[in-house]
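Colleague: Contents of query_38.cif (mmCIF, C-alpha atoms):
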data_upload
loop_
_atom_site.group_PDB
_atom_site.id
_atom_site.type_symbol
_atom_site.label_atom_id
_atom_site.label_comp_id
_atom_site.auth_asym_id
_atom_site.auth_seq_id
_atom_site.Cartn_x
_atom_site.Cartn_y
_atom_site.Cartn_z
ATOM 1 C CA MET A 21 -73.871 4.264 -112.862
ATOM 2 C CA THR A 22 -70.628 2.659 -111.813
ATOM 3 C CA ALA A 23 -67.277 4.398 -111.673
ATOM 4 C CA LYS A 24 -66.087 2.159 -114.500
ATOM 5 C CA ASN A 25 -68.943 3.359 -116.743
ATOM 6 C CA VAL A 26 -68.276 7.005 -115.841
ATOM 7 C CA LEU A 27 -64.605 6.609 -116.783
ATOM 8 C CA PHE A 28 -65.543 4.897 -120.051
ATOM 9 C CA LEU A 29 -68.043 7.619 -121.011
ATOM 10 C CA THR A 30 -65.604 10.369 -120.026
ATOM 11 C CA GLY A 31 -62.880 8.796 -122.172
ATOM 12 C CA LEU A 32 -65.280 8.383 -125.090
ATOM 13 C CA PHE A 33 -66.387 12.013 -124.827
ATOM 14 C CA LEU A 34 -62.798 13.295 -124.675
ATOM 15 C CA SER A 35 -61.695 11.151 -127.617
ATOM 16 C CA LEU A 36 -64.560 12.528 -129.707
ATOM 17 C CA LEU A 37 -63.845 16.078 -128.590
ATOM 18 C CA LEU A 38 -60.078 15.957 -128.994
ATOM 19 C CA GLY A 39 -59.748 13.177 -131.570
ATOM 20 C CA SER A 40 -58.522 13.383 -135.107
ATOM 21 C CA ARG A 41 -60.294 15.530 -137.657
ATOM 22 C CA ASN A 42 -60.863 12.644 -140.102
ATOM 23 C CA GLY A 43 -64.509 12.513 -141.039
ATOM 24 C CA TRP A 44 -65.142 16.059 -139.842
ATOM 25 C CA THR A 45 -65.700 18.902 -142.245
ATOM 26 C CA GLU A 46 -65.479 22.637 -141.775
ATOM 27 C CA THR A 47 -66.845 25.735 -143.405
ATOM 28 C CA VAL A 48 -64.178 28.362 -144.018
ATOM 29 C CA GLU A 49 -65.234 31.941 -144.728
ATOM 30 C CA VAL A 50 -63.731 34.365 -147.223
ATOM 31 C CA LYS A 51 -65.052 37.885 -146.781
ATOM 32 C CA ILE A 52 -65.309 40.462 -149.524
ATOM 33 C CA ILE A 53 -64.179 43.736 -147.945
ATOM 34 C CA LYS A 54 -63.231 46.858 -149.928
ATOM 35 C CA SER A 55 -63.187 44.869 -153.179
ATOM 36 C CA THR A 56 -60.718 42.351 -151.762
ATOM 37 C CA PHE A 57 -61.027 38.653 -150.903
ATOM 38 C CA ILE A 58 -59.904 38.257 -147.279
ATOM 39 C CA PRO A 59 -58.036 35.981 -146.904
ATOM 40 C CA ALA A 60 -56.981 35.751 -150.539
ATOM 41 C CA VAL A 61 -55.278 32.369 -150.072
ATOM 42 C CA ILE A 62 -56.872 29.674 -147.932
ATOM 43 C CA LYS A 63 -56.000 26.075 -147.204
ATOM 44 C CA VAL A 64 -58.798 23.557 -146.535
ATOM 45 C CA LYS A 65 -59.212 19.789 -146.359
ATOM 46 C CA LYS A 66 -61.029 17.698 -148.936
ATOM 47 C CA GLY A 67 -64.755 17.781 -148.081
ATOM 48 C CA ASP A 68 -64.610 21.256 -146.521
ATOM 49 C CA THR A 69 -66.830 24.097 -147.683
ATOM 50 C CA VAL A 70 -65.694 27.608 -148.551
ATOM 51 C CA ARG A 71 -68.258 30.371 -148.065
ATOM 52 C CA TRP A 72 -67.702 33.762 -149.703
ATOM 53 C CA ILE A 73 -69.505 36.572 -147.859
ATOM 54 C CA ASN A 74 -70.066 39.918 -149.539
ATOM 55 C CA THR A 75 -69.936 42.642 -146.872
ATOM 56 C CA GLU A 76 -70.378 45.461 -149.389
ATOM 57 C CA GLU A 77 -73.199 47.119 -151.295
ATOM 58 C CA LEU A 78 -71.260 46.502 -154.535
ATOM 59 C CA LEU A 79 -72.021 43.372 -156.507
ATOM 60 C CA HIS A 80 -69.198 40.890 -156.973
ATOM 61 C CA THR A 81 -68.800 37.513 -158.645
ATOM 62 C CA VAL A 82 -66.804 34.413 -157.761
ATOM 63 C CA ALA A 83 -65.541 32.572 -160.826
ATOM 64 C CA SER A 84 -63.047 29.717 -160.817
ATOM 65 C CA GLY A 85 -60.051 30.014 -163.103
ATOM 66 C CA LYS A 86 -57.332 32.546 -163.798
ATOM 67 C CA ALA A 87 -58.684 35.938 -164.838
ATOM 68 C CA PRO A 88 -60.076 36.452 -167.388
ATOM 69 C CA MET A 89 -60.507 32.732 -168.263
ATOM 70 C CA GLN A 90 -63.106 30.754 -166.345
ATOM 71 C CA ASP A 91 -62.520 27.030 -165.935
ATOM 72 C CA LYS A 92 -66.176 26.469 -164.904
ATOM 73 C CA LYS A 93 -65.406 24.444 -161.753
ATOM 74 C CA PHE A 94 -67.603 26.868 -159.786
ATOM 75 C CA HIS A 95 -69.279 30.163 -160.530
ATOM 76 C CA ALA A 96 -71.516 32.672 -158.766
ATOM 77 C CA PRO A 97 -72.678 35.298 -161.276
ATOM 78 C CA TYR A 98 -73.560 37.754 -158.493
ATOM 79 C CA VAL A 99 -72.742 37.439 -154.811
ATOM 80 C CA LYS A 100 -75.248 39.694 -153.102
ATOM 81 C CA LYS A 101 -74.785 38.078 -149.677
ATOM 82 C CA GLU A 102 -73.172 34.612 -149.734
ATOM 83 C CA PHE A 103 -71.963 31.846 -152.026
ATOM 84 C CA GLU A 104 -70.425 28.516 -151.057
ATOM 85 C CA VAL A 105 -68.689 25.547 -152.618
ATOM 86 C CA THR A 106 -67.780 22.165 -151.114
ATOM 87 C CA PHE A 107 -64.439 20.900 -152.398
ATOM 88 C CA ASP A 108 -64.321 17.131 -152.942
ATOM 89 C CA LYS A 109 -61.007 16.912 -154.808
ATOM 90 C CA ALA A 110 -57.531 17.928 -153.671
ATOM 91 C CA GLY A 111 -55.803 20.600 -155.723
ATOM 92 C CA PHE A 112 -55.344 24.317 -156.339
ATOM 93 C CA TYR A 113 -58.410 26.358 -157.272
ATOM 94 C CA ASP A 114 -57.783 29.872 -158.565
ATOM 95 C CA TYR A 115 -60.742 32.253 -158.532
ATOM 96 C CA TYR A 116 -61.508 35.897 -159.254
ATOM 97 C CA CYS A 117 -64.260 38.507 -159.472
ATOM 98 C CA GLU A 118 -65.289 38.993 -163.096
ATOM 99 C CA LEU A 119 -66.259 42.610 -162.418
ATOM 100 C CA HIS A 120 -62.980 43.537 -160.691
ATOM 101 C CA GLN A 121 -60.570 40.966 -162.078
ATOM 102 C CA ALA A 122 -57.536 43.248 -161.983
ATOM 103 C CA ILE A 123 -57.627 43.454 -158.172
ATOM 104 C CA MET A 124 -59.871 40.649 -156.856
ATOM 105 C CA ARG A 125 -58.187 37.247 -157.081
ATOM 106 C CA GLY A 126 -57.708 34.347 -154.724
ATOM 107 C CA VAL A 127 -56.697 30.702 -154.354
ATOM 108 C CA VAL A 128 -58.226 27.775 -152.483
ATOM 109 C CA ILE A 129 -55.732 25.003 -151.702
ATOM 110 C CA VAL A 130 -57.501 21.714 -150.997
ATOM 111 C CA GLU A 131 -55.484 18.996 -149.252
ATOM 112 C CA ASP A 132 -56.242 15.360 -148.506
ATOM 113 C CA PRO A 133 -57.087 14.872 -144.806
#
For this file, produce the structure as structure tokens.
Modeller:
Amino acid sequence: MTAKNVLFLTGLFLSLLLGSRNGWTETVEVKIIKSTFIPAVIKVKKGDTVRWINTEELLHTVASGKAPMQDKKFHAPYVKKEFEVTFDKAGFYDYYCELHQAIMRGVVIVEDP
């Protein structure tokens, strides 16, 4: 392999590693700890996935909308371990736990890349 090829491959590797995030998606986690969504407000890019992880023995739900009114954009009737949603449209997505709606609320903010 010539030095020119090594430089080209090194540059290609670095541009992929350090390049822009366009076309890349992430999974962002929201943990349920002590009947609280942590973090309660998250910001993601269009195409990203949000995964809610229940760390408790208690059952919880994840329902989109403003408590107590679901808007039916996403819904997990019982989150025993995990639940995830991929967001394909920019916007604000309120959500709450139907069982603990007075204290468990959150927002996902989805931005264009």
Colleague: If we draw a sphere of 7 Å around (-56.5, 31.3, -155.6), which residues have at least one atom in it when counting all atoms listed in the file? Please report them as a list in words.
Modeller: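 Applying the cut-off with all atoms listed in the file, one gets Ala60, Val61, Tyr113, Asp114, Tyr115, Arg125, Gly126, Val127 and Val128 of chain A.
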Colleague: Where does the PyMOL selection byres ((chain A and resi 93) around 9) land in this file, that is, which residues does it pick, as a PyMOL selection string?
Modeller: chain A and resi 83-85+90-92+94-95+113
Colleague: How would the residues just chosen look if you wrote them out with C-alpha atoms as a tab-separated table (two decimals), keeping the file's coordinate frame?
Modeller:
chain	number	residue	atom	x	y	z
A	83	ALA	CA	-65.54	32.57	-160.83
A	84	SER	CA	-63.05	29.72	-160.82
A	85	GLY	CA	-60.05	30.01	-163.10
A	90	GLN	CA	-63.11	30.75	-166.34
A	91	ASP	CA	-62.52	27.03	-165.94
A	92	LYS	CA	-66.18	26.47	-164.90
A	94	PHE	CA	-67.60	26.87	-159.79
A	95	HIS	CA	-69.28	30.16	-160.53
A	113	TYR	CA	-58.41	26.36	-157.27
Colleague: Give me the residues within 9 Å of A:Val130 as a ChimeraX atom specification, counting all atoms listed in the file and dropping any in the same chain fewer than 5 places off.
Modeller: /A:62-68,107-113
Colleague: Just to be explicit: take each residue in the selection above, keep C-alpha atoms, and write the result as a compact mmCIF listing (two decimals), in the frame of the given file.
Modeller:
# COMPACT_ATOMS: atom_id res chain seq x y z
CA ILE A 62 -56.87 29.67 -147.93
CA LYS A 63 -56.00 26.08 -147.20
CA VAL A 64 -58.80 23.56 -146.54
CA LYS A 65 -59.21 19.79 -146.36
CA LYS A 66 -61.03 17.70 -148.94
CA GLY A 67 -64.76 17.78 -148.08
CA ASP A 68 -64.61 21.26 -146.52
CA PHE A 107 -64.44 20.90 -152.40
CA ASP A 108 -64.32 17.13 -152.94
CA LYS A 109 -61.01 16.91 -154.81
CA ALA A 110 -57.53 17.93 -153.67
CA GLY A 111 -55.80 20.60 -155.72
CA PHE A 112 -55.34 24.32 -156.34
CA TYR A 113 -58.41 26.36 -157.27
Colleague: Check which residues satisfy the PyMOL selection byres ((chain A and resi 71) around 6) in the file shown, then give them as a list in words.
Modeller: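 Given this file, the PyMOL selection byres ((chain A and resi 71) around 6) evaluates to Glu49, Val70, Trp72, Phe103 and Glu104 of chain A.
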Colleague: Assuming the chain letters and numbering stay as they are in my file, what does the PyMOL selection byres ((chain A and resi 51) around 8) actually select? List them as a list in words.
Modeller: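 This file gives the following for the PyMOL selection byres ((chain A and resi 51) around 8): Glu49, Val50, Ile52, Ile53, Thr56, Phe57, Ile58, Pro59, Trp72, Ile73, Asn74 and Thr75 of chain A.
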Colleague: So which residues touch A:Glu77 within 12 Å, counting only C-alpha atoms, skipping near sequence neighbours fewer than 6 positions away, as a ChimeraX atom specification?
Modeller: /A:52-55,98-101
Colleague: Provide an axis-aligned box for all listed atoms of stretch 49-61 of chain A, padding each side by 6 Å; report its centre and its edge lengths in Å to one decimal, as lines of an AutoDock Vina configuration file.
Modeller:
center_x = -60.3
center_y = 39.4
center_z = -149.0
size_x = 22.0
size_y = 26.9
size_z = 20.5
Colleague: Given all atoms listed in the file as the basis, pick out the residue of A:Gln121, A:Thr69, A:Trp44, A:Pro133 nearest to A:Val82.
Modeller: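 Using all atoms listed in the file, A:Val82 sits closest to A:Gln121.
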Colleague: To one decimal place, how far is atom CA of A:Pro88 from atom CA of A:Glu118 in Å?
Modeller: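 Taking atom CA of A:Pro88 as the start and atom CA of A:Glu118 as the end point, the length is 7.2 Å.
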Colleague: Give me, please, the distance in Å between atom CA of A:Leu119 and atom CA of A:Thr81, quoted to one decimal.
Modeller: 6.8 Å
Colleague: Could you jot down the atom CA of A:Leu78 to atom CA of A:Pro97 separation for me, Å, one decimal place?
Modeller: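 These two atoms are separated by 13.2 Å.
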Colleague: Nearest residue to A:Ile129 out of A:Leu79, A:Val48, A:Ala96, A:Met89, using only C-alpha atoms?
Modeller: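 The closest residue to A:Ile129 is A:Val48.
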